[in-house]
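Remarks on the structure that follows.
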Amino acid sequence: MQTSHLQGPKADVQNIPALPNGGLRLATCVFASGASIGVVLDDGKVVDLAAEASRQKRSLSFAADDMLALISGGDAALVEVKAVVEQALRDQVLLHGVNQLRLLSPIPQPWRNIFCVGWNYLDHFEEGKEMRADKGVDKIPENPVFFTKATNVMNGPFDAIPHDASNSNSTDWEAELAVVIGKRGRNISEAQAMEYVYGYSVFNDTSVREVQQKRHGGQWFKGKSLDGHGPMGPWIVPAGAIDLDQQRIICRVNGVEKQSASYRQMYFKIPRIIAELSRGLTLEPGDIISTGTPSGVGFGRKPPEFLQPGDVMESEVTGIGIIRNKIEAED
């Protein structure tokens with residue numbers, strides 16, 4: 001929910017996981033000239049891609065203010081980005097500090113709904129059994145369960161999440177690993193699926209349980225698609241820089257850890273998800289797949305816990321970074 005790029009909080013980056021082999025962190029930042037792609041370095045400095053390309057008199061093959069254009073450019077566009085960054089460092093250009101800038105979602109305006117996977121951790125499937133008591137779903141499905149979130153859920157990594165108590169008081173957290181698709185494909189095999197992954201980010205499938213479970217016949221779409229209920233970021237890390245088997249998905253509320261699981265605990269891994277999703281359905285560069293949440297969500301607790309105005313929700317994927325969103329009451 002980013003109606004004004006110029007308004008909103010500055011970044012709140014407290015640590016940056018190191019990336020091997022000169023890996024890139026691709027963010028959408030608000031510079032003095034407007035929103036553009038920023039490359040975040042290990043030390044927290046940020047290269048303004050558009051400004052630096054102009055200073056270096058380089059003509060890029062993609063629009064430097066458009067993350068979807070960069071993603072569509074594939075590996076060749078990443079080579080151009082690396083060249084700009086390396087020249088900026090050689091020239092000792094004065095760079096921005098990441099916490100001096102506002103960070104938007106890396107993909108501020110997805111061109112279609114976010115694809116999501118339900119029940120993708122066994123413990124999370126188990127903790128939701130009472131909510132499925134009347135639906136006859138007593139064992140994990142043989143294939144991934146898909147749903148979508150509308151594009152207006154997209155929110156920045158440090159922006160507030162709106163809370164409307166007149167609609168519901170049951171907003172819940174769901175920290176997830178987001179996969180960003182890098183090239184067009186249909187009927188993709190599991191063996192080839194990882195070739196279609198551009199990179200990874202942190203996502204929270206923030207959900208309003210009352211709306212999700214009760215108000216609209218038990219379907220998930222509306223309760224997961226309220227405005228601003230999909231913070232993402234703080235950046236995209238290209239796929240080659242991350243060893244997923246070493247990473248964890250974590251959520252904290254007001255500093256208290258609520259969720260923590262390894263990628264290795266994911267039931268349907270990314271190749272299976274992409275293969276199943278792409279059967280008869282074309283995936284496009286910039287498509288976002290949120291891969292499911294671990295156990296520890298609020299509705300599964302005894303008694304249930306839900307987010308309230310003033311609460312701070314942190315979502316982390318180790319090796320990528322942390323997003324931090326305050327719950328803010330709406331008039």
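Here's how to read the names in the structure tokens: chain A, B, ... by the order shown, residue numbers from 1 in each chain, ligand numbers from 1 in the order shown.
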Give me, as a tab-separated table, the closest atom pair and its distance (Å, one decimal) for every residue of region 98-172 of chain A within a cut-off of 7 Å of region 261-283 of chain A, counting only C-alpha atoms, rows sorted by chain and rising number.
```
residue	atom	partner	partner_atom	distance
A:Asn120	CA	A:Tyr267	CA	5.2
A:Tyr121	CA	A:Met266	CA	5.2
A:Leu122	CA	A:Tyr267	CA	6.8
A:Pro144	CA	A:Ile273	CA	6.6
```
Just-selected residues, C-alpha atoms written as an mmCIF file, in the first residue's frame:
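Once written, again.cif looks like this:
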```
data_model
loop_
_atom_site.group_PDB
_atom_site.id
_atom_site.type_symbol
_atom_site.label_atom_id
_atom_site.label_comp_id
_atom_site.auth_asym_id
_atom_site.auth_seq_id
_atom_site.Cartn_x
_atom_site.Cartn_y
_atom_site.Cartn_z
ATOM 1 C CA ASN A 120 3.590 -26.236 3.260
ATOM 2 C CA TYR A 121 5.052 -27.079 6.690
ATOM 3 C CA LEU A 122 3.734 -30.174 8.459
ATOM 4 C CA PRO A 144 0.672 -28.042 -3.321
#
```
Query - For Glu257 (chain A): contacts at 12 Å, only C-alpha atoms, fewer than 4 positions along chain excluded, given as a list in words - result: Trp173, Ala175, Ile249, Ile250, Cys251, Arg252, Val253, Ala261, Ser295, Gly296, Val297, Gly298, Val312, Met313, Glu314, Ser315 and Glu316 of chain A
Contacts between region 50-73 of chain A and region 104-198 of chain A, please, where a residue of region 104-198 of chain A counts if it comes within 10 Å (with only C-alpha atoms); show its shortest atom pair and distance in Å to one decimal, rows by chain and ascending number, as a Markdown table.
```
| residue | atom | partner | partner_atom | distance |
| --- | --- | --- | --- | --- |
| A:Pro106 | CA | A:Met67 | CA | 6.9 |
| A:Ile107 | CA | A:Met67 | CA | 6.1 |
| A:Pro108 | CA | A:Met67 | CA | 8.5 |
| A:Gln109 | CA | A:Leu68 | CA | 9.1 |
| A:Pro110 | CA | A:Leu68 | CA | 8.2 |
| A:Trp111 | CA | A:Leu68 | CA | 8.8 |
| A:Val180 | CA | A:Ile71 | CA | 8.8 |
| A:Ile181 | CA | A:Ile71 | CA | 8.3 |
| A:Gly182 | CA | A:Ile71 | CA | 5.9 |
| A:Lys183 | CA | A:Ser72 | CA | 6.7 |
| A:Arg184 | CA | A:Ser72 | CA | 8.9 |
| A:Tyr198 | CA | A:Ile71 | CA | 7.1 |
```
Print the selection's residues with C-alpha atoms to a file, as a short mmCIF file (atom, residue, chain, number, x, y, z; two decimals), in the first residue's frame.
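Here's the written file part.cif:
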```
data_model
loop_
_atom_site.label_atom_id
_atom_site.label_comp_id
_atom_site.auth_asym_id
_atom_site.auth_seq_id
_atom_site.Cartn_x
_atom_site.Cartn_y
_atom_site.Cartn_z
CA PRO A 106 11.40 -4.48 -4.24
CA ILE A 107 8.49 -4.89 -6.67
CA PRO A 108 6.20 -2.01 -5.66
CA GLN A 109 3.47 -2.80 -8.17
CA PRO A 110 3.36 -6.46 -9.25
CA TRP A 111 1.67 -6.90 -12.58
CA VAL A 180 10.80 -14.24 -7.73
CA ILE A 181 10.49 -15.81 -11.18
CA GLY A 182 13.10 -14.71 -13.71
CA LYS A 183 11.89 -15.92 -17.10
CA ARG A 184 8.75 -16.98 -18.91
CA TYR A 198 15.56 -15.04 -10.38
#
```
Quiz item: Which residues come within 9 Å of Leu24 (chain A), counting only C-alpha atoms, excluding same-chain residues fewer than 6 positions away, as a PyMOL selection string?
Solution: chain A and resi 39-41+78+81-82+236-238+241
Writing out the chosen residues with N, CA and C atoms as a PDB file, in the first residue's frame:
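Writing the result to out_11.pdb gives the following:
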```pdb
ATOM      1  N   VAL A  39      21.337  -0.608  -5.285  1.00  0.00           N
ATOM      2  CA  VAL A  39      22.099  -1.818  -4.990  1.00  0.00           C
ATOM      3  C   VAL A  39      22.716  -1.635  -3.609  1.00  0.00           C
ATOM      4  N   VAL A  40      22.319  -2.485  -2.664  1.00  0.00           N
ATOM      5  CA  VAL A  40      22.752  -2.363  -1.275  1.00  0.00           C
ATOM      6  C   VAL A  40      23.983  -3.233  -1.057  1.00  0.00           C
ATOM      7  N   LEU A  41      25.052  -2.613  -0.584  1.00  0.00           N
ATOM      8  CA  LEU A  41      26.322  -3.298  -0.385  1.00  0.00           C
ATOM      9  C   LEU A  41      26.420  -3.863   1.031  1.00  0.00           C
ATOM     10  N   LEU A  78      21.973  -8.147 -15.118  1.00  0.00           N
ATOM     11  CA  LEU A  78      22.751  -8.199 -13.882  1.00  0.00           C
ATOM     12  C   LEU A  78      24.223  -7.896 -14.128  1.00  0.00           C
ATOM     13  N   VAL A  81      24.465  -4.226 -14.168  1.00  0.00           N
ATOM     14  CA  VAL A  81      24.382  -3.673 -12.810  1.00  0.00           C
ATOM     15  C   VAL A  81      25.725  -3.800 -12.103  1.00  0.00           C
ATOM     16  N   LYS A  82      26.338  -4.963 -12.194  1.00  0.00           N
ATOM     17  CA  LYS A  82      27.636  -5.175 -11.536  1.00  0.00           C
ATOM     18  C   LYS A  82      28.683  -4.217 -12.066  1.00  0.00           C
ATOM     19  N   ILE A 236      15.728  -7.926  -3.084  1.00  0.00           N
ATOM     20  CA  ILE A 236      15.800  -9.236  -3.735  1.00  0.00           C
ATOM     21  C   ILE A 236      17.266  -9.637  -3.801  1.00  0.00           C
ATOM     22  N   VAL A 237      17.556 -10.865  -3.410  1.00  0.00           N
ATOM     23  CA  VAL A 237      18.898 -11.421  -3.545  1.00  0.00           C
ATOM     24  C   VAL A 237      18.871 -12.426  -4.690  1.00  0.00           C
ATOM     25  N   PRO A 238      19.644 -12.199  -5.760  1.00  0.00           N
ATOM     26  CA  PRO A 238      19.651 -13.163  -6.865  1.00  0.00           C
ATOM     27  C   PRO A 238      19.985 -14.572  -6.391  1.00  0.00           C
ATOM     28  N   ALA A 241      23.301 -16.412  -4.997  1.00  0.00           N
ATOM     29  CA  ALA A 241      24.000 -15.948  -3.796  1.00  0.00           C
ATOM     30  C   ALA A 241      23.486 -16.592  -2.511  1.00  0.00           C
TER      31      ALA A 241
END
```
Filtered DSSP result for region 246-281 of chain A, state strand (DSSP E or B), as an MDAnalysis selection string = chainID A and resid 248:253 256:262 266
Let me see the file: selected residues, N, CA and C atoms, as a PDB file, in the first residue's frame.
```pdb
ATOM      1  N   ARG A 248      16.818 -20.043   7.562  1.00  0.00           N
ATOM      2  CA  ARG A 248      15.632 -20.230   8.391  1.00  0.00           C
ATOM      3  C   ARG A 248      14.636 -19.112   8.119  1.00  0.00           C
ATOM      4  N   ILE A 249      13.365 -19.430   8.328  1.00  0.00           N
ATOM      5  CA  ILE A 249      12.275 -18.467   8.227  1.00  0.00           C
ATOM      6  C   ILE A 249      11.798 -18.183   9.645  1.00  0.00           C
ATOM      7  N   ILE A 250      11.802 -16.909  10.047  1.00  0.00           N
ATOM      8  CA  ILE A 250      11.549 -16.527  11.437  1.00  0.00           C
ATOM      9  C   ILE A 250      10.563 -15.367  11.479  1.00  0.00           C
ATOM     10  N   CYS A 251       9.688 -15.373  12.475  1.00  0.00           N
ATOM     11  CA  CYS A 251       8.815 -14.227  12.740  1.00  0.00           C
ATOM     12  C   CYS A 251       8.880 -13.880  14.224  1.00  0.00           C
ATOM     13  N   ARG A 252       8.956 -12.583  14.502  1.00  0.00           N
ATOM     14  CA  ARG A 252       8.922 -12.081  15.876  1.00  0.00           C
ATOM     15  C   ARG A 252       7.833 -11.027  15.984  1.00  0.00           C
ATOM     16  N   VAL A 253       7.168 -10.993  17.110  1.00  0.00           N
ATOM     17  CA  VAL A 253       6.191  -9.948  17.399  1.00  0.00           C
ATOM     18  C   VAL A 253       6.634  -9.257  18.679  1.00  0.00           C
ATOM     19  N   VAL A 256       9.487 -10.957  20.416  1.00  0.00           N
ATOM     20  CA  VAL A 256       9.309 -12.335  20.885  1.00  0.00           C
ATOM     21  C   VAL A 256       9.196 -13.263  19.681  1.00  0.00           C
ATOM     22  N   GLU A 257      10.041 -14.273  19.618  1.00  0.00           N
ATOM     23  CA  GLU A 257      10.016 -15.191  18.486  1.00  0.00           C
ATOM     24  C   GLU A 257       8.733 -16.029  18.496  1.00  0.00           C
ATOM     25  N   LYS A 258       8.025 -16.009  17.378  1.00  0.00           N
ATOM     26  CA  LYS A 258       6.779 -16.764  17.234  1.00  0.00           C
ATOM     27  C   LYS A 258       6.912 -17.928  16.250  1.00  0.00           C
ATOM     28  N   GLN A 259       7.739 -17.764  15.229  1.00  0.00           N
ATOM     29  CA  GLN A 259       7.929 -18.800  14.221  1.00  0.00           C
ATOM     30  C   GLN A 259       9.417 -18.962  13.958  1.00  0.00           C
ATOM     31  N   SER A 260       9.833 -20.185  13.706  1.00  0.00           N
ATOM     32  CA  SER A 260      11.210 -20.450  13.294  1.00  0.00           C
ATOM     33  C   SER A 260      11.280 -21.849  12.705  1.00  0.00           C
ATOM     34  N   ALA A 261      11.701 -21.921  11.447  1.00  0.00           N
ATOM     35  CA  ALA A 261      11.820 -23.225  10.786  1.00  0.00           C
ATOM     36  C   ALA A 261      12.871 -23.126   9.696  1.00  0.00           C
ATOM     37  N   SER A 262      13.469 -24.242   9.383  1.00  0.00           N
ATOM     38  CA  SER A 262      14.448 -24.325   8.310  1.00  0.00           C
ATOM     39  C   SER A 262      13.740 -24.506   6.973  1.00  0.00           C
ATOM     40  N   MET A 266      10.417 -27.422   4.740  1.00  0.00           N
ATOM     41  CA  MET A 266       9.352 -27.149   3.784  1.00  0.00           C
ATOM     42  C   MET A 266       8.920 -28.455   3.111  1.00  0.00           C
TER      43      MET A 266
END
```
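In terms of minimum interatomic distance to Gly185 (chain A), A:Asp287 ranks closest within A:Asp75, A:Glu142, A:Asp287, A:Asp91, counting only C-alpha atoms.
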**Asked** Skipping near chain neighbours, those fewer than 6 positions away, what residues fall within 7 Å of Gly223 (chain A) using only C-alpha atoms, listed as a ChimeraX atom specification?
**Response** /A:207-209,211-212
Write the residues you've just listed into a file as an mmCIF file, in the first residue's frame, and include C-alpha atoms for each of them.
```
data_model
loop_
_atom_site.group_PDB
_atom_site.id
_atom_site.type_symbol
_atom_site.label_atom_id
_atom_site.label_comp_id
_atom_site.auth_asym_id
_atom_site.auth_seq_id
_atom_site.Cartn_x
_atom_site.Cartn_y
_atom_site.Cartn_z
ATOM 1 C CA SER A 207 -3.941 -12.695 7.126
ATOM 2 C CA VAL A 208 -7.209 -11.639 8.726
ATOM 3 C CA ARG A 209 -8.513 -14.929 10.095
ATOM 4 C CA VAL A 211 -12.484 -12.818 7.109
ATOM 5 C CA GLN A 212 -10.456 -15.770 5.803
#
```
- Among listed residues A:Leu49, A:Pro294, A:Gly44, A:Glu210, nearest Gln100 (chain A) (using only C-alpha atoms):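 Ranked by minimum distance to Gln100 (chain A), first place goes to A:Gly44.
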message = Between CA of Lys45 (chain A) and CA of Gln246 (chain A), what distance in Å does the model show, to one decimal?
response =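 Between CA of Lys45 (chain A) and CA of Gln246 (chain A) the gap is 25.7 Å.
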message = Considering only helix (DSSP H, G or I) as DSSP defines it on the backbone, what residues of region 194-268 of chain A qualify? List them as a list in words.
response =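 Result set for region 194-268 of chain A (helix (DSSP H, G or I)): Met194, Glu195, Tyr196, Arg209, Glu210, Val211, Gln212, Gln213, Lys214, Arg215, Lys222, Gly223, Lys224, Ala239, Gly240, Ala241, Leu244, Asp245, Gln246, Tyr263, Arg264 and Gln265 of chain A.
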Exercise. Grab the CA of Asn113 (chain A) to CA of Thr148 (chain A) distance for me, in Å with one decimal place.
Key: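 Going from CA of Asn113 (chain A) over to CA of Thr148 (chain A) covers 5.9 Å.
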I need the residue nearest Phe146 (chain A) from this list: A:Met232, A:Arg90, A:Leu244, A:Trp119. Use only C-alpha atoms for the distance.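 For Phe146 (chain A), the nearest of the candidates is A:Trp119.
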| Can you list, as a list of chain:residue names, every protein, DNA or RNA residue that comes within 10 Å of Asp43 (chain A) when you count only C-alpha atoms, leaving out same-chain residues fewer than 3 positions away? | A:Asn15, A:Ile16, A:Pro17, A:Ala18, A:Val40, A:Val46, A:Gly97, A:Val98
